[in-house]
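Undergrad: I'm passing along model-v3.txt; it holds compact mmCIF, C-alpha atoms and all ligand atoms.
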# COMPACT_ATOMS: atom_id res chain seq x y z
CA MET A 1348 11.51 40.01 -14.26
CA ARG A 1349 9.64 36.79 -14.96
CA SER A 1350 7.24 34.56 -13.12
CA ILE A 1351 8.75 31.07 -13.16
CA LEU A 1352 7.46 27.68 -12.09
CA ILE A 1353 10.11 25.12 -11.16
CA LEU A 1354 9.64 21.43 -10.46
CA SER A 1355 12.45 20.33 -8.17
CA GLY A 1356 13.67 17.53 -5.90
CA SER A 1357 13.46 13.76 -6.17
CA PRO A 1358 9.92 12.38 -6.17
CA LYS A 1359 9.58 8.90 -4.70
CA GLU A 1360 7.59 6.15 -6.44
CA VAL A 1361 6.46 4.03 -3.53
CA ILE A 1362 6.74 0.25 -3.86
CA ASP A 1363 5.79 -0.81 -0.33
CA GLY A 1364 5.96 0.35 3.31
CA VAL A 1365 9.71 0.98 3.16
CA ARG A 1366 10.92 0.97 -0.46
CA TYR A 1367 10.56 3.24 -3.46
CA TYR A 1368 11.95 3.91 -6.94
CA ALA A 1369 13.79 7.19 -7.49
CA SER A 1370 16.40 8.73 -9.72
CA VAL A 1371 19.82 9.65 -8.40
CA ASN A 1372 20.77 12.05 -11.17
CA GLY A 1373 21.38 14.71 -8.53
CA VAL A 1374 20.23 17.90 -10.30
CA GLN A 1375 20.13 20.59 -7.63
CA GLY A 1376 16.87 22.23 -8.72
CA PHE A 1377 16.52 24.23 -5.54
CA LEU A 1378 19.84 26.03 -6.12
CA THR A 1379 18.63 27.12 -9.57
CA ALA A 1380 15.35 28.31 -8.04
CA LYS A 1381 17.15 30.29 -5.35
CA THR A 1382 19.53 31.86 -7.85
CA LEU A 1383 16.62 32.95 -10.08
CA ALA A 1384 14.71 34.32 -7.06
CA LEU A 1385 17.76 36.28 -5.86
CA LYS A 1386 17.96 37.83 -9.34
CA GLY A 1387 14.45 39.24 -8.76
CA ASN A 1388 12.27 36.69 -10.60
CA GLN A 1389 9.07 35.50 -8.89
CA VAL A 1390 9.78 31.80 -8.46
CA THR A 1391 7.34 29.08 -7.42
CA VAL A 1392 8.91 25.72 -6.63
CA ILE A 1393 6.97 22.47 -6.41
CA MET A 1394 8.94 19.81 -4.55
CA PRO A 1395 8.48 16.70 -2.39
CA ASP A 1396 7.57 17.50 1.19
CA ASP A 1397 10.51 15.78 2.91
CA GLU A 1398 13.29 17.70 1.17
CA SER A 1399 15.14 20.60 2.73
CA TYR A 1400 15.14 24.16 1.41
CA GLU A 1401 15.82 27.66 2.69
CA ASP A 1402 13.28 30.46 2.57
CA CYS A 1403 14.27 33.41 0.46
CA GLU A 1404 12.69 36.53 -0.99
CA ASN A 1405 10.63 36.06 -4.20
CA LEU A 1406 10.49 32.31 -3.58
CA ARG A 1407 7.31 30.36 -2.90
CA ILE A 1408 7.67 26.68 -2.01
CA ILE A 1409 4.82 24.23 -2.53
CA THR A 1410 5.16 20.83 -0.86
CA LYS A 1411 1.47 19.96 -0.51
CA LYS A 1412 -1.48 19.59 -2.85
CA SER A 1413 -4.57 21.74 -2.38
CA ASP A 1414 -6.27 19.01 -0.32
CA GLY A 1415 -3.41 19.25 2.22
CA THR A 1416 -1.76 15.93 1.36
CA VAL A 1417 2.00 16.02 0.97
CA ILE A 1418 3.82 15.71 -2.35
CA VAL A 1419 5.67 12.39 -2.63
CA SER A 1420 5.54 11.10 -6.21
CA ALA A 1421 5.74 12.50 -9.74
CA GLU A 1422 1.96 12.07 -9.98
CA ASP A 1423 1.59 14.34 -6.90
CA MET A 1424 3.79 16.93 -8.61
CA VAL A 1425 1.61 16.75 -11.70
CA LYS A 1426 -1.50 17.44 -9.60
CA ALA A 1427 0.19 20.28 -7.72
CA ALA A 1428 1.43 21.81 -11.00
CA SER A 1429 -2.05 21.66 -12.53
CA GLU A 1430 -3.54 23.27 -9.42
CA VAL A 1431 -1.00 26.06 -9.21
CA CYS A 1432 -1.25 26.79 -12.95
CA ALA A 1433 -5.03 27.05 -12.69
CA GLU A 1434 -4.60 29.93 -10.26
CA ASN A 1435 -1.41 31.65 -11.43
CA LYS A 1436 0.09 32.78 -14.67
CA PHE A 1437 3.70 31.80 -15.36
CA ASP A 1438 6.02 33.02 -18.10
CA LEU A 1439 8.15 29.92 -18.02
CA ALA A 1440 8.43 26.48 -16.41
CA ILE A 1441 11.66 24.64 -15.67
CA GLN A 1442 11.59 20.88 -15.13
CA LEU A 1443 14.40 20.05 -12.73
CA ALA A 1444 12.83 17.25 -10.71
CA ASN A 1445 14.77 13.99 -10.76
CA THR A 1446 11.97 11.61 -11.63
CA ALA A 1447 12.33 7.87 -11.83
CA SER A 1448 11.69 6.44 -15.30
CA PHE A 1449 9.07 4.07 -13.91
CA LYS A 1450 6.82 3.47 -10.93
CA ALA A 1451 5.29 0.48 -9.18
CA HIS A 1452 2.28 -0.90 -11.02
CA LYS A 1453 0.51 -1.72 -7.74
CA PRO A 1454 2.14 -0.14 -4.68
CA VAL A 1455 1.38 -1.78 -1.30
CA SER A 1456 1.61 -0.40 2.23
CA GLN A 1457 3.20 -3.43 3.95
CA LYS A 1458 6.89 -4.28 3.68
CA LEU A 1459 7.23 -6.92 0.95
CA LYS A 1460 8.85 -10.08 2.24
CA VAL A 1461 11.01 -12.49 0.34
CA LYS A 1462 12.09 -16.00 1.25
CA ASP A 1463 15.76 -16.95 1.00
CA ASN A 1464 17.08 -17.52 -2.53
CA ASP A 1465 13.72 -16.75 -4.08
CA LEU A 1466 13.76 -14.69 -7.21
CA VAL A 1467 11.65 -11.64 -6.72
CA SER A 1468 9.90 -9.74 -9.43
CA PHE A 1469 8.25 -6.34 -9.40
CA GLU A 1470 5.62 -5.06 -11.80
CA ILE A 1471 6.50 -1.63 -13.09
CA GLU A 1472 5.03 0.88 -15.49
CA LYS A 1473 6.38 3.97 -17.19
CA ASN A 1474 6.34 7.05 -15.00
CA THR A 1475 4.61 10.33 -15.67
CA ASP A 1476 6.69 12.66 -17.84
CA LEU A 1477 6.79 15.97 -15.97
CA PHE A 1478 8.25 17.85 -18.93
CA LEU A 1479 5.35 16.80 -21.18
CA HIS A 1480 2.85 17.60 -18.45
CA LEU A 1481 4.16 21.15 -18.05
CA GLN A 1482 3.94 21.57 -21.83
CA SER A 1483 0.36 20.30 -21.77
CA LEU A 1484 -0.44 23.12 -19.33
CA GLY A 1485 0.48 25.53 -22.11
CA LEU A 1486 3.79 26.69 -20.64
CA PRO A 1487 7.10 27.19 -22.40
CA VAL A 1488 9.26 24.60 -20.65
CA ILE A 1489 13.01 24.17 -20.44
CA GLU A 1490 15.25 21.59 -18.83
CA GLU A 1491 18.37 23.17 -17.40
CA PRO A 1492 21.73 21.78 -18.41
CA ASP A 1493 23.46 19.75 -15.75
CA GLU A 1494 25.96 22.40 -14.68
CA LEU A 1495 24.55 22.59 -11.15
CA ASN A 1496 24.94 18.87 -10.59
CA GLU A 1497 27.71 19.12 -8.00
CA LYS A 1498 26.23 18.10 -4.67
CA PRO A 1499 27.29 20.61 -2.01
CA VAL A 1500 29.04 18.85 0.87
CA LEU A 1501 27.49 20.00 4.12
CA LYS A 1502 29.76 19.63 7.13
CA SER A 1503 28.47 19.51 10.70
CA PRO A 1504 30.12 21.70 13.39
CA ALA A 1505 33.46 20.32 14.65
CA ARG A 1506 33.13 17.98 17.59
CA GLU A 1507 35.44 15.84 19.76
CA PRO A 1508 34.98 13.22 22.52
CA LYS A 1509 33.44 14.40 25.78
CA THR A 1510 34.44 11.36 27.85
CA LYS A 1511 36.99 8.55 27.56
CA GLU A 1512 34.85 5.55 28.41
CA LEU A 1513 35.19 3.94 24.94
CA ILE A 1514 38.77 4.96 24.13
CA GLY A 1515 40.51 2.03 22.39
CA ILE A 1516 37.31 0.65 20.87
CA LYS A 1517 36.85 0.51 17.11
CA VAL A 1518 33.30 0.37 15.78
CA ILE A 1519 31.88 0.06 12.27
CA VAL A 1520 28.44 1.63 11.86
CA SER A 1521 26.43 1.30 8.64
CA SER A 1522 23.74 3.90 8.11
CA GLY A 1523 21.18 5.30 5.69
CA ALA A 1524 19.50 4.00 2.59
CA VAL A 1525 21.33 1.78 0.14
CA SER A 1526 20.27 2.32 -3.49
CA GLU A 1527 20.53 -0.26 -6.24
CA ILE A 1528 20.92 1.01 -9.79
CA LEU A 1529 18.14 -0.34 -12.06
CA THR A 1530 18.66 1.50 -15.34
CA ALA A 1531 21.37 3.23 -17.35
CA LYS A 1532 19.50 6.47 -16.55
CA ASN A 1533 20.34 6.18 -12.84
CA ASP A 1534 16.95 4.97 -11.68
CA VAL A 1535 17.31 3.18 -8.37
CA ILE A 1536 15.39 1.13 -5.88
CA THR A 1537 15.91 2.57 -2.42
CA ASN A 1538 14.07 3.22 0.85
CA PHE A 1539 13.00 5.88 3.34
CA SER A 1540 15.96 5.63 5.74
CA SER A 1541 17.42 9.10 6.39
CA GLY A 1542 20.62 7.97 8.09
CA LYS A 1543 19.72 9.83 11.30
CA GLN A 1544 19.70 6.76 13.56
CA GLY A 1545 23.10 5.53 12.36
CA PHE A 1546 24.66 9.01 12.52
CA GLU A 1547 23.35 9.58 16.06
CA ILE A 1548 24.80 6.22 17.15
CA ALA A 1549 28.12 7.19 15.58
CA TYR A 1550 28.05 10.50 17.49
CA ALA A 1551 27.12 8.85 20.81
CA LEU A 1552 29.99 6.35 20.51
CA ALA A 1553 32.55 8.90 19.24
CA ASP A 1554 31.54 11.34 21.99
CA ARG A 1555 32.72 8.61 24.41
CA GLY A 1556 36.03 8.18 22.63
CA ALA A 1557 35.35 5.20 20.32
CA ASP A 1558 36.87 5.32 16.83
CA VAL A 1559 33.91 5.07 14.48
CA LEU A 1560 34.01 4.11 10.83
CA LEU A 1561 30.66 5.35 9.53
CA ILE A 1562 29.63 3.79 6.21
CA ALA A 1563 26.77 5.86 4.86
CA GLY A 1564 24.39 5.10 2.02
CA ASN A 1565 22.21 7.77 0.48
CA VAL A 1566 21.72 10.47 3.16
CA HIS A 1567 21.04 14.20 3.16
CA LEU A 1568 22.70 14.86 6.49
CA PRO A 1569 25.77 17.03 7.07
CA GLU A 1570 28.96 14.99 7.06
CA PRO A 1571 30.14 14.58 10.68
CA SER A 1572 33.21 16.67 11.52
CA HIS A 1573 34.03 14.63 14.62
CA THR A 1574 37.66 13.84 15.44
CA HIS A 1575 36.59 10.22 16.12
CA ILE A 1576 34.34 9.60 13.10
CA LYS A 1577 35.54 8.71 9.63
CA THR A 1578 32.72 8.73 7.08
CA ILE A 1579 32.70 6.79 3.82
CA TYR A 1580 29.83 7.18 1.36
CA VAL A 1581 28.60 4.25 -0.73
CA GLN A 1582 25.67 3.56 -3.01
CA SER A 1583 25.03 -0.14 -3.49
CA THR A 1584 24.90 -3.14 -1.14
CA GLU A 1585 28.09 -4.54 -2.70
CA GLU A 1586 29.90 -1.25 -2.07
CA MET A 1587 28.62 -1.13 1.51
CA LEU A 1588 29.76 -4.71 2.15
CA LYS A 1589 33.24 -4.00 0.73
CA ALA A 1590 33.63 -0.78 2.76
CA CYS A 1591 32.52 -2.62 5.93
CA GLN A 1592 34.96 -5.49 5.24
CA LYS A 1593 37.82 -3.02 4.79
CA GLY A 1594 37.03 -1.68 8.28
CA LEU A 1595 37.93 -5.01 9.90
CA PRO A 1596 39.23 -5.78 12.46
CA ALA A 1597 36.75 -3.99 14.72
CA HIS A 1598 35.40 -4.55 18.22
CA ALA A 1599 31.80 -3.94 17.21
CA TYR A 1600 29.69 -3.86 14.06
CA ILE A 1601 26.38 -2.00 14.14
CA GLY A 1602 24.17 -2.53 11.09
CA VAL A 1603 21.70 0.34 11.12
CA ALA A 1604 21.55 0.86 7.35
CA ALA A 1605 18.43 -0.09 5.47
CA VAL A 1606 20.25 -2.35 3.03
CA ALA A 1607 18.48 -3.09 -0.25
CA ASP A 1608 17.45 -6.73 -0.02
CA PHE A 1609 17.45 -7.06 -3.80
CA GLY A 1610 19.20 -5.65 -6.83
CA ILE A 1611 18.10 -5.99 -10.46
CA LYS A 1612 19.30 -9.07 -12.38
CA THR A 1613 20.07 -7.13 -15.56
CA VAL A 1614 20.30 -3.33 -15.70
CA ILE A 1615 17.79 -1.83 -18.17
CA ASN A 1616 19.67 0.10 -20.84
CA ASN A 1617 16.97 1.74 -22.87
CA ILE A 1618 13.71 2.63 -21.13
CA GLU A 1619 11.90 3.63 -24.33
CA GLU A 1620 12.64 0.27 -25.94
CA TYR A 1621 11.82 -1.51 -22.70
CA PHE A 1622 8.28 -0.14 -22.61
CA ALA A 1623 7.85 -0.11 -26.40
CA SER A 1624 5.33 -2.95 -26.58
CA ASP A 1625 3.97 -3.31 -23.01
CA ARG A 1626 2.64 -0.71 -20.58
CA VAL A 1627 3.45 -2.90 -17.57
CA ARG A 1628 6.68 -4.89 -17.37
CA THR A 1629 8.04 -7.24 -14.73
CA ILE A 1630 11.59 -6.75 -13.54
CA GLU A 1631 13.47 -9.68 -12.06
CA MET A 1632 15.48 -9.05 -8.95
CA LYS A 1633 18.21 -11.03 -7.24
CA GLN A 1634 18.91 -11.27 -3.54
CA ASN A 1635 21.77 -9.09 -2.28
CA PRO A 1636 24.46 -10.21 0.17
CA ASP A 1637 23.43 -9.86 3.81
CA ILE A 1638 26.03 -7.68 5.53
CA LEU A 1639 24.83 -8.24 9.08
CA SER A 1640 24.74 -11.99 8.58
CA TYR A 1641 28.24 -11.83 7.08
CA PHE A 1642 29.56 -10.13 10.25
CA GLY A 1643 27.54 -12.38 12.55
CA HIS A 1644 28.97 -15.54 10.95
CA LEU A 1645 32.62 -14.45 10.65
CA LYS A 1646 35.02 -16.84 12.40
CA GLU A 1647 38.38 -15.38 13.55
CA THR A 1648 37.60 -11.77 12.69
CA ARG A 1649 34.04 -11.62 14.05
CA PRO A 1650 33.67 -8.39 16.05
CA GLU A 1651 32.99 -9.11 19.72
CA ILE A 1652 29.64 -7.34 19.42
CA VAL A 1653 27.42 -7.58 16.34
CA ILE A 1654 24.25 -5.51 16.49
CA GLY A 1655 21.51 -5.19 13.87
CA PHE A 1656 18.31 -3.22 13.55
CA ALA A 1657 14.98 -4.43 12.27
CA ALA A 1658 12.41 -2.12 10.75
CA GLU A 1659 9.03 -3.68 10.13
CA THR A 1660 5.57 -2.49 9.23
CA HIS A 1661 3.96 -5.42 11.11
CA ASP A 1662 4.87 -8.40 13.37
CA LEU A 1663 7.86 -6.37 14.55
CA LEU A 1664 9.10 -8.47 17.45
CA SER A 1665 8.71 -11.89 15.86
CA TYR A 1666 10.56 -10.85 12.67
CA ALA A 1667 13.27 -9.20 14.80
CA GLU A 1668 13.74 -12.37 16.87
CA GLN A 1669 14.07 -14.42 13.68
CA LYS A 1670 16.74 -11.98 12.45
CA LEU A 1671 18.69 -12.28 15.72
CA HIS A 1672 19.05 -16.05 15.24
CA LYS A 1673 19.37 -16.20 11.47
CA LYS A 1674 22.05 -13.53 11.29
CA ASN A 1675 23.81 -14.70 14.48
CA ALA A 1676 23.67 -11.19 15.91
CA ASP A 1677 24.18 -10.46 19.61
CA VAL A 1678 21.46 -7.84 19.74
CA ILE A 1679 18.70 -6.69 17.40
CA PHE A 1680 17.04 -3.35 17.99
CA ALA A 1681 13.51 -3.58 16.63
CA ASN A 1682 11.81 -0.37 15.54
CA SER A 1683 8.47 -0.02 13.91
CA VAL A 1684 7.75 1.71 10.62
CA SER A 1685 4.15 2.61 11.27
CA LYS A 1686 1.99 5.59 12.12
CA ASP A 1687 2.69 5.07 15.86
CA ASN A 1688 6.48 5.15 15.44
CA ASN A 1689 7.86 5.91 12.04
CA ALA A 1690 11.48 5.06 12.75
CA MET A 1691 12.50 6.08 9.24
CA GLY A 1692 13.21 9.77 8.89
CA SER A 1693 12.12 10.92 12.35
CA ASP A 1694 14.35 12.44 15.07
CA ASN A 1695 13.10 10.11 17.81
CA ASN A 1696 12.63 6.38 17.93
CA ARG A 1697 11.05 3.68 20.04
CA VAL A 1698 13.27 0.63 20.07
CA TYR A 1699 13.00 -2.83 21.61
CA MET A 1700 16.32 -4.43 22.50
CA ILE A 1701 16.23 -8.15 21.69
CA THR A 1702 18.94 -10.54 22.87
CA LYS A 1703 18.95 -14.35 23.13
CA ASN A 1704 17.56 -14.13 26.68
CA LYS A 1705 15.29 -11.12 26.80
CA THR A 1706 13.33 -8.37 25.08
CA VAL A 1707 13.49 -4.91 26.65
CA ASP A 1708 11.24 -2.02 25.68
CA CYS A 1709 13.68 0.92 25.68
CA GLY A 1710 10.83 3.42 25.33
CA TYR A 1711 10.50 6.44 23.09
CA SER A 1712 13.65 8.56 23.04
CA SER A 1713 15.99 10.57 20.87
CA LYS A 1714 18.03 8.58 18.34
CA TYR A 1715 21.16 9.74 20.24
CA ARG A 1716 19.81 7.95 23.35
CA VAL A 1717 19.72 4.69 21.34
CA GLY A 1718 23.43 5.31 20.72
CA GLU A 1719 23.96 5.73 24.46
CA ILE A 1720 22.31 2.35 25.08
CA ILE A 1721 24.76 0.81 22.59
CA ALA A 1722 27.66 2.57 24.34
CA GLU A 1723 26.52 0.90 27.58
CA ILE A 1724 26.40 -2.52 25.87
CA ILE A 1725 29.97 -2.05 24.61
CA SER A 1726 31.45 -0.66 27.82
CA SER A 1727 29.91 -3.42 29.98
CA ASN A 1728 31.12 -6.33 27.80
CA PRO A 1729 33.88 -8.07 29.82
CA LYS A 1730 35.55 -9.38 26.67
CA LEU A 1731 36.25 -5.79 25.67
CA PHE A 1732 37.74 -4.75 29.03
CA PRO A 1733 41.36 -5.29 27.84
CA ALA A 1734 40.77 -3.09 24.78
CA LEU A 1735 38.99 -0.47 26.90
CA GLN A 1736 41.91 -0.26 29.34
CA LYS A 1737 44.48 0.56 26.65
O1 LIG A 1801 17.91 6.17 8.91
P1 LIG A 1801 16.71 6.56 9.76
O2 LIG A 1801 15.71 7.39 9.01
O3 LIG A 1801 17.15 7.19 11.05
O4 LIG A 1801 15.93 5.22 10.12
C1 LIG A 1801 16.57 4.25 10.89
C2 LIG A 1801 16.15 2.83 10.49
C3 LIG A 1801 14.68 2.63 10.74
C4 LIG A 1801 16.46 2.57 9.01
C5 LIG A 1801 17.03 1.86 11.38
O5 LIG A 1801 16.76 2.09 12.72
C6 LIG A 1801 16.73 0.41 11.02
O6 LIG A 1801 15.78 -0.19 11.47
N1 LIG A 1801 17.61 -0.17 10.19
C7 LIG A 1801 17.43 -1.54 9.65
C8 LIG A 1801 16.49 -1.48 8.48
C9 LIG A 1801 15.93 -2.81 8.07
O7 LIG A 1801 14.81 -2.99 7.86
O8 LIG A 1801 16.67 -3.71 7.99
P2 LIG A 1801 16.15 -5.22 7.65
O9 LIG A 1801 15.06 -5.65 8.55
O10 LIG A 1801 15.91 -5.32 6.17
O11 LIG A 1801 17.42 -5.96 8.02
C10 LIG A 1801 17.77 -6.30 9.36
C11 LIG A 1801 19.23 -6.10 9.57
O12 LIG A 1801 19.95 -6.77 8.56
C12 LIG A 1801 19.67 -4.65 9.53
O13 LIG A 1801 20.64 -4.47 10.52
C13 LIG A 1801 20.26 -4.50 8.15
O14 LIG A 1801 21.29 -3.54 8.11
C14 LIG A 1801 20.79 -5.88 7.90
N2 LIG A 1801 20.80 -6.26 6.49
C15 LIG A 1801 19.66 -6.44 5.79
C16 LIG A 1801 19.70 -6.83 4.48
C17 LIG A 1801 20.95 -7.04 3.89
N3 LIG A 1801 21.05 -7.40 2.63
N4 LIG A 1801 22.09 -6.83 4.59
C18 LIG A 1801 22.02 -6.46 5.88
O15 LIG A 1801 23.04 -6.28 6.55
Now, as a test, write the supplied structure out as structure tokens.

TA:
Amino acid sequence: MRSILILSGSPKEVIDGVRYYASVNGVQGFLTAKTLALKGNQVTVIMPDDESYEDCENLRIITKKSDGTVIVSAEDMVKAASEVCAENKFDLAIQLANTASFKAHKPVSQKLKVKDNDLVSFEIEKNTDLFLHLQSLGLPVIEEPDELNEKPVLKSPAREPKTKELIGIKVIVSSGAVSEILTAKNDVITNFSSGKQGFEIAYALADRGADVLLIAGNVHLPEPSHTHIKTIYVQSTEEMLKACQKGLPAHAYIGVAAVADFGIKTVINNIEEYFASDRVRTIEMKQNPDILSYFGHLKETRPEIVIGFAAETHDLLSYAEQKLHKKNADVIFANSVSKDNNAMGSDNNRVYMITKNKTVDCGYSSKYRVGEIIAEIISSNPKLFPALQK
């Protein structure tokens, strides 16, 4: 039996406080690692810290570097690989991590802002090549063929409504991270949204009898098996907009998804050629359609209730108030993406409910509780009483 080092998962190349570059090639490196471990090989897997895995015999998982910091990017994986190779001897390395072809030239910690109709550009540089790095450590390296590419569909336990208070109400909920394809090699620009907040809202509303159309971007959550939730998966902003439009008419639209504000103007076909003469290149982006604003400004088919979310790294309430007016939403839930409350990815959330007349601090609660607050907004709206009494 052999001692094998595997690089797995999808490292994130951070752009700013909420966005990153990644690859969506979808190789399931962990499944390969588990299979090899079950066959009796000693397998060490290096993977980003936020990805799920199961413990198993003969399998060692490394998600942190020796200084205790978590693995996020390809560069972190390189450091972790060098550290682990300095202390262990491996017979073989397998490069199965889905790395982005490039990374941000100068990542920043704040959320980058863009004014309406402005062209945005990002400075990028070629990403670290994990395959070459493993070779430079003196290891025989292979890249597995793509036969394990099929993403397993995880289903949540079956569930049905517990009460009838929202029977007759149809709601569209958008959730998770939208990814915009940047290159022919499936590199994307995306963000840290996990989909948890949108899924929990969908559950809270469906548990009360509402019919929920859940439009999900890139998420790693089990697909809801709720009798009152229909889930549709999309990748890009355009796809999300179309899927949301198809859901009309609806009584409420709840935009929880972290929609990509920009997509690339022209998809890059050949990365090698692209970086042939310059180490740093500037990609031009174009502004994407605004789905919440689209729903807010609909005329005859505008849902009675249009709710958005705002995630900000700073000036949370003032940006959220601007969004309420600009997008003609009825409510904006503002949540912070900071050390105090990292709304993205966590199980709990602190939200502020902002309407035209008031701002209410809803406190720190489970993401399901935020869904309950939305259920109360829907069930107490007099314009929806006829639909509710069906
Ligand atoms: O998924 P989780 O890990 O649970 O995290 C939840 C969350 C933090 C992503 C969620 O609670 C949240 O805040 N979602 C909105 C994210 C955001 O920053 O949106 P925004 O500020 O870029 O946009 C404000 C609103 O406009 C949102 O309702 C968004 O869906 C909508 N929008 C934005 C851009 C765009 N092109 N179309 C849109 O509809």

Undergrad: Write out as a PyMOL selection string each polymer residue (protein, DNA or RNA) that has an atom no more than 6 Å from ligand LIG 1801 (chain A), with all atoms listed in the file counted.

TA: chain A and resi 1523+1540-1544+1602-1608+1635-1639+1655-1658+1682+1690-1692

Undergrad: When you count all atoms listed in the file, which of these residues is closest to Glu1586 of chain A: A:Tyr1699, A:Thr1613, A:Val1525, A:Asn1372?

TA: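 For Glu1586 of chain A, the nearest of the given residues is A:Val1525.
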
Undergrad: Return as a tab-separated table the residues of segment 1681-1713 of chain A lying at most 12 Å from segment 1437-1460 of chain A, together with the closest atom-to-atom pair for each and the distance in Å to one decimal, counting all atoms listed in the file, with rows in chain order and ascending residue number.

TA:
residue	atom	partner	partner_atom	distance
A:Ser1683	CA	A:Lys1458	CA	11.2
A:Val1684	CA	A:Lys1458	CA	9.2
A:Ser1685	CA	A:Gln1457	CA	9.5
A:Lys1686	CA	A:Ser1456	CA	11.6

Undergrad: Can I get the selected residues back with C-alpha atoms, as a CSV table (one decimal), in the frame of the given file?

TA:
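Done, and the output landed in result.csv:
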chain,number,residue,atom,x,y,z
A,1683,SER,CA,8.5,0.0,13.9
A,1684,VAL,CA,7.8,1.7,10.6
A,1685,SER,CA,4.2,2.6,11.3
A,1686,LYS,CA,2.0,5.6,12.1

Undergrad: If we count only C-alpha atoms and set the cut-off at 6 Å, which residues sit around segment 1671-1679 of chain A, ignoring sequence neighbours fewer than 6 positions away in its own chain? Please answer as number ranges by chain.

TA: A: 1640, 1643, 1653-1656, 1701-1702

Undergrad: Using all atoms listed in the file, which residue out of A:Ile1615, A:Ile1471, A:Val1717, A:Met1587 lies closest to Val1627 of chain A?

TA: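 With all atoms listed in the file as the atom set, the closest residue is A:Ile1471.
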
Undergrad: With N, CA and C atoms as the atom set, please write segment 1594-1608 of chain A from the structure just given, as a PDB file, in the first residue's frame.

TA:
ATOM      1  N   GLY A1594     -40.963  32.278 -12.654  1.00  0.00           N
ATOM      2  CA  GLY A1594     -41.742  32.001 -11.431  1.00  0.00           C
ATOM      3  C   GLY A1594     -42.923  32.935 -11.256  1.00  0.00           C
ATOM      4  N   LEU A1595     -42.981  34.010 -12.047  1.00  0.00           N
ATOM      5  CA  LEU A1595     -44.093  34.966 -11.912  1.00  0.00           C
ATOM      6  C   LEU A1595     -45.380  34.349 -12.455  1.00  0.00           C
ATOM      7  N   PRO A1596     -46.568  34.691 -11.961  1.00  0.00           N
ATOM      8  CA  PRO A1596     -46.793  35.641 -10.882  1.00  0.00           C
ATOM      9  C   PRO A1596     -46.500  35.020  -9.510  1.00  0.00           C
ATOM     10  N   ALA A1597     -46.147  35.885  -8.572  1.00  0.00           N
ATOM     11  CA  ALA A1597     -45.889  35.425  -7.201  1.00  0.00           C
ATOM     12  C   ALA A1597     -46.334  36.523  -6.239  1.00  0.00           C
ATOM     13  N   HIS A1598     -46.657  36.119  -5.014  1.00  0.00           N
ATOM     14  CA  HIS A1598     -47.077  37.122  -4.023  1.00  0.00           C
ATOM     15  C   HIS A1598     -45.876  37.838  -3.400  1.00  0.00           C
ATOM     16  N   ALA A1599     -44.748  37.147  -3.351  1.00  0.00           N
ATOM     17  CA  ALA A1599     -43.568  37.778  -2.744  1.00  0.00           C
ATOM     18  C   ALA A1599     -42.306  37.331  -3.468  1.00  0.00           C
ATOM     19  N   TYR A1600     -41.354  38.261  -3.562  1.00  0.00           N
ATOM     20  CA  TYR A1600     -40.025  37.922  -4.080  1.00  0.00           C
ATOM     21  C   TYR A1600     -39.018  38.255  -2.981  1.00  0.00           C
ATOM     22  N   ILE A1601     -38.149  37.310  -2.683  1.00  0.00           N
ATOM     23  CA  ILE A1601     -37.145  37.549  -1.635  1.00  0.00           C
ATOM     24  C   ILE A1601     -35.759  37.299  -2.226  1.00  0.00           C
ATOM     25  N   GLY A1602     -35.025  38.381  -2.435  1.00  0.00           N
ATOM     26  CA  GLY A1602     -33.703  38.296  -3.076  1.00  0.00           C
ATOM     27  C   GLY A1602     -32.608  38.160  -2.031  1.00  0.00           C
ATOM     28  N   VAL A1603     -32.277  36.923  -1.729  1.00  0.00           N
ATOM     29  CA  VAL A1603     -31.237  36.673  -0.709  1.00  0.00           C
ATOM     30  C   VAL A1603     -29.904  36.347  -1.384  1.00  0.00           C
ATOM     31  N   ALA A1604     -29.956  35.965  -2.650  1.00  0.00           N
ATOM     32  CA  ALA A1604     -28.735  35.540  -3.347  1.00  0.00           C
ATOM     33  C   ALA A1604     -27.717  36.668  -3.413  1.00  0.00           C
ATOM     34  N   ALA A1605     -26.462  36.278  -3.356  1.00  0.00           N
ATOM     35  CA  ALA A1605     -25.395  37.243  -3.588  1.00  0.00           C
ATOM     36  C   ALA A1605     -25.130  37.215  -5.093  1.00  0.00           C
ATOM     37  N   VAL A1606     -25.844  38.083  -5.784  1.00  0.00           N
ATOM     38  CA  VAL A1606     -25.779  38.107  -7.254  1.00  0.00           C
ATOM     39  C   VAL A1606     -24.474  38.782  -7.673  1.00  0.00           C
ATOM     40  N   ALA A1607     -23.836  38.226  -8.700  1.00  0.00           N
ATOM     41  CA  ALA A1607     -22.587  38.836  -9.178  1.00  0.00           C
ATOM     42  C   ALA A1607     -22.929  40.177  -9.833  1.00  0.00           C
ATOM     43  N   ASP A1608     -22.367  41.234  -9.315  1.00  0.00           N
ATOM     44  CA  ASP A1608     -22.666  42.557  -9.869  1.00  0.00           C
ATOM     45  C   ASP A1608     -22.119  42.705 -11.279  1.00  0.00           C
TER      46      ASP A1608
END
